[in-house]
Amino acid sequence: QVQLVESGGGLVQAGGSLRLSCAASGPTFSTYAMGWFRQAAGKEREFVATISRTGTRRDYADSVMGRFTISRDNTKNTVYLQMNSLKPSDTAVYYCAAGSDAQYYNGSLRRGSSDYWGQGTQVTVSS
């Protein structure tokens with residue numbers, strides 16, 4: 001099992017940047033593919049980005065392509081989400097999730113199929 005804790009959220013003006021971190025417990029972080037998701041008030045949770053367990057493959061939602069970058073440091077058991085050119089529409093609670101590499105490659109992780117979720121971190125972008 002893995003436990004996930006997100007951090008780095010906050011209030012930022014449109015056009016600004018934030019970097020979210022998701023720290024994982026346990027010695028098996030490098031065996032998990034990881035993902036970022038978000039949920040805005042009154043809306044369903046949506047996929048943002050996923051990364052394979054080695055970091056060689058990454059996928060992004062169209063809405064964040066070119067603005068957000070997912071990365072990971074397996075020596076620090078941490079996955080990151082660098083968010084640039086933020087828009088008010090990016091306002092949401094951001095969650096990280098862990099899954100198997102098989103879930104990454106068959107697409108189920110990006111559809112939100114995961115047994116492991118963090119508690120979320122709020123990102124608010126003001127106009």
# chains A, B, ... in the order shown; residues from 1 in each chain; ligands from 1
call {"tool": "select_by_dssp", "arguments": {"residues": "range 33-126 of chain A", "states": "alpha helix (DSSP H)", "output": "PyMOL selection string"}}
result
chain A and resi 101-105
call {"tool": "write_last_selection", "arguments": {"atoms": "N, CA and C atoms", "output": "PDB file, in the first residue's frame"}}
result
ATOM      1  N   ASP A 101       1.547   0.210 -13.367  1.00  0.00           N
ATOM      2  CA  ASP A 101       1.929   0.606 -14.724  1.00  0.00           C
ATOM      3  C   ASP A 101       0.930   0.059 -15.738  1.00  0.00           C
ATOM      4  N   ALA A 102       0.368  -1.105 -15.436  1.00  0.00           N
ATOM      5  CA  ALA A 102      -0.652  -1.662 -16.328  1.00  0.00           C
ATOM      6  C   ALA A 102      -1.858  -0.726 -16.426  1.00  0.00           C
ATOM      7  N   GLN A 103      -2.235  -0.135 -15.295  1.00  0.00           N
ATOM      8  CA  GLN A 103      -3.328   0.830 -15.305  1.00  0.00           C
ATOM      9  C   GLN A 103      -2.962   2.069 -16.101  1.00  0.00           C
ATOM     10  N   TYR A 104      -1.706   2.460 -16.057  1.00  0.00           N
ATOM     11  CA  TYR A 104      -1.284   3.597 -16.866  1.00  0.00           C
ATOM     12  C   TYR A 104      -1.452   3.267 -18.348  1.00  0.00           C
ATOM     13  N   TYR A 105      -0.908   2.130 -18.767  1.00  0.00           N
ATOM     14  CA  TYR A 105      -0.878   1.819 -20.193  1.00  0.00           C
ATOM     15  C   TYR A 105      -2.242   1.407 -20.754  1.00  0.00           C
TER      16      TYR A 105
END
call {"tool": "select_by_dssp", "arguments": {"residues": "chain A", "states": "strand (DSSP E)", "output": "ChimeraX atom specification"}}
result
/A:4-7,10-13,18-24,33-39,46-51,58-60,68-73,78-83,92-99,116-117,121-126
call {"tool": "residues_around", "arguments": {"residues": "Tyr60 in chain A", "least_positions_apart": "4", "cutoff": "8 Å", "atoms": "only C-alpha atoms", "output": "list of chain:residue names"}}
result
A:Phe47, A:Val48, A:Ala49, A:Thr50, A:Val64, A:Met65
call {"tool": "closest_residue", "arguments": {"among": "A:Leu18, A:Leu86, A:Ala98, A:Ala40", "to": "Ser52 in chain A", "atoms": "only C-alpha atoms"}}
result
A:Ala98
call {"tool": "residues_around", "arguments": {"residues": "Ala92 in chain A", "least_positions_apart": "5", "cutoff": "6 Å", "atoms": "only C-alpha atoms", "output": "PyMOL selection string"}}
result
chain A and resi 38-40+123
call {"tool": "atom_distance", "arguments": {"atom1": "CA of Gly112 in chain A", "atom2": "CA of Glu46 in chain A"}}
result
7.9 Å
call {"tool": "residues_around", "arguments": {"residues": "Trp117 in chain A", "least_positions_apart": "6", "cutoff": "8 Å", "atoms": "only C-alpha atoms", "output": "list of chain:residue names"}}
result
A:Gln3, A:Leu4, A:Tyr95, A:Cys96, A:Ala97, A:Ala98
call {"tool": "write_last_selection", "arguments": {"atoms": "N, CA, C and O atoms", "output": "JSON list (two decimals), in the first residue's frame"}}
result
[["chain", "number", "residue", "atom", "x", "y", "z"],
["A", 3, "GLN", "N", 0.60, 5.60, 0.87],
["A", 3, "GLN", "CA", -0.15, 6.75, 1.35],
["A", 3, "GLN", "C", 0.38, 8.00, 0.68],
["A", 3, "GLN", "O", 1.60, 8.16, 0.53],
["A", 4, "LEU", "N", -0.52, 8.90, 0.31],
["A", 4, "LEU", "CA", -0.16, 10.06, -0.49],
["A", 4, "LEU", "C", -0.57, 11.35, 0.22],
["A", 4, "LEU", "O", -1.69, 11.44, 0.75],
["A", 95, "TYR", "N", -5.82, 16.46, -6.59],
["A", 95, "TYR", "CA", -5.54, 15.20, -5.93],
["A", 95, "TYR", "C", -4.48, 14.42, -6.71],
["A", 95, "TYR", "O", -4.48, 14.43, -7.94],
["A", 96, "CYS", "N", -3.62, 13.71, -5.98],
["A", 96, "CYS", "CA", -2.76, 12.75, -6.66],
["A", 96, "CYS", "C", -3.27, 11.35, -6.39],
["A", 96, "CYS", "O", -3.98, 11.10, -5.40],
["A", 97, "ALA", "N", -2.93, 10.45, -7.28],
["A", 97, "ALA", "CA", -3.37, 9.07, -7.19],
["A", 97, "ALA", "C", -2.26, 8.17, -7.68],
["A", 97, "ALA", "O", -1.41, 8.57, -8.50],
["A", 98, "ALA", "N", -2.26, 6.93, -7.21],
["A", 98, "ALA", "CA", -1.26, 5.95, -7.60],
["A", 98, "ALA", "C", -1.95, 4.74, -8.21],
["A", 98, "ALA", "O", -3.04, 4.34, -7.78]]
call {"tool": "closest_residue", "arguments": {"among": "A:Thr31, A:Arg111, A:Glu44, A:Arg53", "to": "Arg72 in chain A", "atoms": "only C-alpha atoms"}}
result
A:Arg53
call {"tool": "closest_residue", "arguments": {"among": "A:Gly99, A:Gly26, A:Gly42, A:Gly120", "to": "Gly9 in chain A", "atoms": "only C-alpha atoms"}}
result
A:Gly120
call {"tool": "atom_distance", "arguments": {"atom1": "CA of Gln122 in chain A", "atom2": "CA of Gly107 in chain A"}}
result
25.8 Å
call {"tool": "closest_residue", "arguments": {"among": "A:Leu81, A:Val125, A:Ala41, A:Leu109", "to": "Val93 in chain A", "atoms": "only C-alpha atoms"}}
result
A:Ala41
call {"tool": "atom_distance", "arguments": {"atom1": "CA of Thr28 in chain A", "atom2": "CA of Phe68 in chain A"}}
result
25.8 Å
call {"tool": "closest_residue", "arguments": {"among": "A:Asn84, A:Arg57, A:Ala14, A:Ser108", "to": "Thr124 in chain A", "atoms": "only C-alpha atoms"}}
result
A:Ala14
call {"tool": "closest_residue", "arguments": {"among": "A:Ser25, A:Ser113, A:Ser30, A:Ser17", "to": "Thr69 in chain A", "atoms": "only C-alpha atoms"}}
result
A:Ser17
